[in-house]
Amino acid sequence: MSERTVHPVPHDADEGEANATEPTEEPTESAVADSNEPNATTEPTADEPTTGAQSLVSTLEAAGVEAMFGVQGGAIMPVYDALFDSDIHHVTMAHEQGASHAADAYGVVKGEPGICLATSGPGATNLVTGIADANMDSDAMVALTGQVPSGMVGSDAFQETDTTGVTAPITKHNYFAGDADTVGDMVGEAFALAETGRPGPTLVDLPKDATLAETDADPGRTETPDTYSPQTEAESDAVAAAARAVEGAEKPLLLFGGGVVKGDACEEARQFATEHGIPVVTTMPAIGSMPEDHDLCLSWAGMHGTGYANMAITHCDVLIAVGCRFDDRLTGGVDTFAPEAEVVHIDIDPAEISKNVHADYPLIGDAGTVVEQVDTEVSPEDTNDWGAWREQCSSWKEEFPLTYDTPEDEPLKPQFVVEALDEATDDDAIVTTGVGQHQMWAAQFWTYRSPRTWVSSHGLGTMGYGLPAAIGARFAADDDQQVVCIDGDGSFQMTMQELSVAVRENLDITVVILNNEYIGMVRQWQDAFFEGRRMAAEYDWCPEFDKLAEAFGAKGFAVDDYDEVADTIEEALAYDGPSVIDFHVDPGTNVYPMVPSGGANGKFALSEDQL
Amino acid sequence: MSGEDATDDQSAQNPSGGMPGTAPDDRPHPDGRRNEQGIRIDPEAEAEPRRRTAVVSALVEHEPGVLSRVSGLFSRRRFNIESLTVGPTTVDGHARITLVVEETESGIDQVEKQLAKLKPVIQVGEVDDPAVRAELVLLKVRGDRPDEVHAITQMYEGQTLDAGPRTITVQITGDQQKIDDAVDAFRQFGIIEIARTGQTALARGDTPTTPGEEPGHSTQPPEDPHSAEDSETTDTTEN
Ligand SMILES: Cc1ncc(C[n+]2csc(CCOP(=O)(O)OP(=O)(O)O)c2C)c(N)n1
């Protein structure tokens, strides 16, 4: 429903093409040229004209944005021009998908919305995978996309895509900026909306005339719209009822979901668990919310989660789920998910309540706040003794340990590499991953102790997430915090061009490729469920990644043997800049335990013949 | 946790990278079960979840794209939607969307919650049974039996909007059953074209249609012809 009003901005159909060195002269660009005067700032002052683009940049500056990730192009050029005068660090990525993943990971690590930007049409559509990824994982992110001038919208103009249409199903909300006066407010609102309540990606589509035109509007304030006011505190009656259920439990279990991390509720959640001595399992996105070396922590549950976590879920009688959406990779078949448990479900998003698993005690509100409410309400005097249950959980830890076979004469085991890396890095090192077997091993064989140190693509499962995520994470992490990307050969090849960015920005990241010359997870499924017919799963045409890294200007290593593992990792970590280690690992290794799709959590297979 | 235990029988049996531990069938398993909605059930007593028809009213900000957001939500979540109507209210910038859905109880719950999540949606509520509901249909029939067409039109308290030697177009309003009956009755004349609006609804009496909905005050009298038509539609309702 766009307006068809004719705008004074003539549109040169060629502008988006490679002649960026010669930007087309457009009459209204004089407004932009003004800002190039010496000492011009993006701060709007009463007497100085501001463009929509400048008000956008001022809005982001006022919101405290330090870095953003994007790629130039015709329709977004006014915004870039305004960024020329800003202190915000713009990271030019090799591909817009890289920009959206980097922004996502930046947001995950920093706890603030990450910002990505792209031009109209192909720039915007290239962002889509990363936006969808952020949406599935409830990651706060703001995407800014250029658009053809509003007078041309709907005419199939050069590089036009209905971006708000394309992204409506994968954003928390999106906006079409009608004119220069509203740009700042929309961006401010998009920023606030992205991080308030259940976080998620928002998008502002910016027709070129709206960013070029002058406005005297103040920079937008980061405020959520009136129609959006998530409930923070749960009703006290509901809390009391849930607390009675917890007290009466014989086998209570806490399930921490991604919301515990996103809602910064780890402290409250840990406190609740330790004070009452309730065992904890996490979902995969919540890895790090509970220290994995803590006695009460049973690590993560689900398809490739630990046997003990899945046993605990199957046998608990009260499940206190915090900020989790009961994804099918966690639940397996819902019929067998925590089949005897009453469910207390704490979530900020009412729509998650009883969506997949019925909540007997729904508690709507902010994770930390509600956990504290329940904590206060549960009285230790009235609770059952859970010692036997804790012992039961510990015995499952012994019965189903995470182990693997390491005969020295076999090709390197990928799990060994992950453990060696964990050992060589600091406790607060950040791990990013691609998607596949390597992602599961990175989750299984690394001991995570802090939230926001595990950065991975969960809900969407996007191969190629790892490297751009490491770049985004690097910008958000503390300077002395190590950033490691554990990648697969298939995943790495989806976004490896971003290595050029890591080199240009001299980012201290270490990429570890668990190279099995397969898209291994697919090969594992083909062997298990398709009679070993390995259609399109062999990647024996991979480049030599160490040489490829060198070609980009990064440091490259290749490792075949056990005795080279530790030294090479040491060297790569010590290298001040991006390095890539190509570990040639056993191509036949599979990920276990495994709950087959739709299966029962308690019936996880420990090997292929148990599937 | 490295591979020390890996030499035990289990892994020896499973060179493909198996892990130690009791085999799936030898582990204890609870008897409990949940149904499709994730509700714990007595496996013997479980019946298929029943669907019912619900009328859901959503008060929304009347901004561009709101309808496509709502319909997009319905298609991507595979909600079973029967009809959707939309029109402005007396509050400037607000519109009411009335949806008729056929879903299970938890499906209806999700429809409401997912709708409420959309940013332009202000309030959502199910319009319970004693509500005032109406639909409008335009029927174009062959014009060769005008007297009979007129009689049927009167029977259904309809109006003739256009009459010529070849076609007659009438309008009928009322609840869904009445419209269905009317359409049946007009079939005998040969229906050439038909346009139905789908149901729209308001709660009866003092009950607000969506929870907490304030009585709307328009700053100006409605200039929009649709608003006038809207109120007319509600007036003709009888049930
Ligand atoms: C973009 C994308 N395409 C396809 C898939 C399907 N897929 C899931 S895992 C996987 C294999 C990943 O291979 P690789 O990155 O080499 O990791 P490995 O499993 O070998 O560790 C594939 C193809 C996906 N998750 N994402």
# chains A, B, ... in the order shown; residues from 1 in each chain; ligands from 1

call {"tool": "interface_residues", "arguments": {"of": "chain A", "to": "chain B", "cutoff": "7 Å", "atoms": "only C-alpha atoms", "output": "JSON, numbers by chain"}}
result
{"A": [1, 168, 173, 227, 228, 315, 334, 335, 336, 339, 340, 350, 351, 355, 356, 357, 358, 399, 400, 402, 403, 404, 405, 406, 588, 589, 590, 592, 603, 604, 605, 606, 607]}

call {"tool": "residues_around", "arguments": {"residues": "Trp389 in chain A", "least_positions_apart": "6", "cutoff": "10 Å", "atoms": "only C-alpha atoms", "output": "ChimeraX atom specification"}}
result
/A:250-253,278-279,312,315-316,395

call {"tool": "write_last_selection", "arguments": {"atoms": "C-alpha atoms", "output": "PDB file, in the first residue's frame"}}
result
ATOM      1  CA  GLU A 250       9.861 -35.178  44.192  1.00  0.00           C
ATOM      2  CA  LYS A 251      11.985 -34.821  41.116  1.00  0.00           C
ATOM      3  CA  PRO A 252      12.097 -31.155  40.148  1.00  0.00           C
ATOM      4  CA  LEU A 253      14.175 -30.044  37.222  1.00  0.00           C
ATOM      5  CA  ILE A 278      17.502 -28.266  41.902  1.00  0.00           C
ATOM      6  CA  PRO A 279      19.345 -29.927  39.004  1.00  0.00           C
ATOM      7  CA  ALA A 312      16.476 -36.103  33.759  1.00  0.00           C
ATOM      8  CA  HIS A 315      11.937 -38.640  34.589  1.00  0.00           C
ATOM      9  CA  CYS A 316      11.342 -35.340  36.334  1.00  0.00           C
ATOM     10  CA  SER A 395      24.462 -41.513  38.549  1.00  0.00           C
TER      11      SER A 395
END

call {"tool": "residues_near_ligand", "arguments": {"ligand": "ligand 1", "cutoff": "10 Å", "atoms": "only C-alpha atoms and all ligand atoms", "output": "MDAnalysis selection string"}}
result
chainID A and resid 129 414 433:442 457:458 460:466 486:495 513:525 536:539 542 585 587:591

call {"tool": "select_by_dssp", "arguments": {"residues": "range 140-179 of chain B", "states": "strand (DSSP E or B)", "output": "ChimeraX atom specification"}}
result
/B:140-142,159-163,167-174

call {"tool": "decode", "arguments": {"residues": "range 467-495 of chain A", "atoms": "N, CA, C and O atoms", "output": "tab-separated table (two decimals), in the first residue's frame"}}
result
chain	number	residue	atom	x	y	z
A	467	LEU	N	31.97	-17.98	10.81
A	467	LEU	CA	33.01	-16.97	10.58
A	467	LEU	C	32.49	-15.54	10.72
A	467	LEU	O	33.07	-14.75	11.48
A	468	PRO	N	31.41	-15.18	10.03
A	468	PRO	CA	30.91	-13.82	10.26
A	468	PRO	C	30.51	-13.59	11.72
A	468	PRO	O	30.68	-12.48	12.23
A	469	ALA	N	30.02	-14.63	12.38
A	469	ALA	CA	29.66	-14.48	13.80
A	469	ALA	C	30.90	-14.20	14.62
A	469	ALA	O	30.87	-13.39	15.56
A	470	ALA	N	32.01	-14.85	14.27
A	470	ALA	CA	33.26	-14.60	15.00
A	470	ALA	C	33.69	-13.15	14.82
A	470	ALA	O	34.19	-12.51	15.75
A	471	ILE	N	33.47	-12.63	13.62
A	471	ILE	CA	33.82	-11.23	13.35
A	471	ILE	C	32.96	-10.30	14.20
A	471	ILE	O	33.47	-9.39	14.88
A	472	GLY	N	31.65	-10.55	14.20
A	472	GLY	CA	30.75	-9.73	15.03
A	472	GLY	C	31.10	-9.85	16.50
A	472	GLY	O	31.15	-8.85	17.22
A	473	ALA	N	31.37	-11.09	16.93
A	473	ALA	CA	31.69	-11.33	18.34
A	473	ALA	C	32.97	-10.59	18.73
A	473	ALA	O	33.07	-10.03	19.82
A	474	ARG	N	33.93	-10.59	17.81
A	474	ARG	CA	35.22	-9.93	18.08
A	474	ARG	C	35.00	-8.46	18.42
A	474	ARG	O	35.63	-7.91	19.33
A	475	PHE	N	34.11	-7.80	17.68
A	475	PHE	CA	33.87	-6.38	17.93
A	475	PHE	C	33.13	-6.15	19.25
A	475	PHE	O	33.25	-5.08	19.84
A	476	ALA	N	32.38	-7.14	19.68
A	476	ALA	CA	31.61	-6.96	20.90
A	476	ALA	C	32.36	-7.42	22.14
A	476	ALA	O	32.09	-6.97	23.25
A	477	ALA	N	33.31	-8.36	21.94
A	477	ALA	CA	34.00	-8.97	23.08
A	477	ALA	C	34.98	-8.00	23.72
A	477	ALA	O	35.36	-7.00	23.12
A	478	ASP	N	35.37	-8.33	24.94
A	478	ASP	CA	36.46	-7.57	25.57
A	478	ASP	C	37.73	-7.82	24.77
A	478	ASP	O	37.89	-8.88	24.17
A	479	ASP	N	38.64	-6.86	24.81
A	479	ASP	CA	39.85	-6.98	24.01
A	479	ASP	C	40.65	-8.23	24.32
A	479	ASP	O	41.25	-8.84	23.45
A	480	ASP	N	40.66	-8.61	25.62
A	480	ASP	CA	41.49	-9.76	25.98
A	480	ASP	C	40.72	-11.08	25.95
A	480	ASP	O	41.23	-12.12	26.35
A	481	GLN	N	39.50	-11.02	25.48
A	481	GLN	CA	38.68	-12.23	25.42
A	481	GLN	C	38.95	-12.92	24.08
A	481	GLN	O	38.85	-12.29	23.02
A	482	GLN	N	39.28	-14.21	24.15
A	482	GLN	CA	39.58	-14.92	22.90
A	482	GLN	C	38.29	-15.25	22.14
A	482	GLN	O	37.26	-15.53	22.73
A	483	VAL	N	38.38	-15.22	20.82
A	483	VAL	CA	37.25	-15.61	19.98
A	483	VAL	C	37.70	-16.73	19.06
A	483	VAL	O	38.68	-16.58	18.31
A	484	VAL	N	37.00	-17.85	19.15
A	484	VAL	CA	37.35	-19.03	18.36
A	484	VAL	C	36.13	-19.44	17.54
A	484	VAL	O	35.02	-19.48	18.07
A	485	CYS	N	36.34	-19.71	16.27
A	485	CYS	CA	35.26	-20.24	15.46
A	485	CYS	C	35.55	-21.72	15.19
A	485	CYS	O	36.60	-22.05	14.65
A	486	ILE	N	34.63	-22.58	15.60
A	486	ILE	CA	34.78	-24.01	15.29
A	486	ILE	C	33.84	-24.29	14.12
A	486	ILE	O	32.63	-24.15	14.24
A	487	ASP	N	34.42	-24.62	12.99
A	487	ASP	CA	33.65	-24.65	11.75
A	487	ASP	C	33.75	-26.02	11.07
A	487	ASP	O	34.66	-26.80	11.36
A	488	GLY	N	32.84	-26.29	10.17
A	488	GLY	CA	32.93	-27.47	9.32
A	488	GLY	C	33.45	-27.05	7.96
A	488	GLY	O	33.37	-25.87	7.59
A	489	ASP	N	33.96	-27.99	7.20
A	489	ASP	CA	34.47	-27.62	5.89
A	489	ASP	C	33.35	-27.11	4.99
A	489	ASP	O	33.54	-26.20	4.19
A	490	GLY	N	32.17	-27.68	5.14
A	490	GLY	CA	31.03	-27.22	4.34
A	490	GLY	C	30.56	-25.85	4.79
A	490	GLY	O	30.39	-24.94	3.98
A	491	SER	N	30.39	-25.68	6.07
A	491	SER	CA	29.92	-24.40	6.61
A	491	SER	C	30.90	-23.27	6.29
A	491	SER	O	30.50	-22.18	5.87
A	492	PHE	N	32.18	-23.56	6.46
A	492	PHE	CA	33.20	-22.52	6.23
A	492	PHE	C	33.12	-22.01	4.79
A	492	PHE	O	33.24	-20.81	4.53
A	493	GLN	N	32.88	-22.94	3.87
A	493	GLN	CA	32.87	-22.53	2.46
A	493	GLN	C	31.67	-21.68	2.10
A	493	GLN	O	31.63	-21.08	1.03
A	494	MET	N	30.69	-21.64	2.97
A	494	MET	CA	29.52	-20.82	2.66
A	494	MET	C	29.77	-19.32	2.87
A	494	MET	O	29.15	-18.50	2.23
A	495	THR	N	30.67	-18.99	3.78
A	495	THR	CA	30.92	-17.57	4.04
A	495	THR	C	32.41	-17.26	4.20
A	495	THR	O	32.77	-16.28	4.82
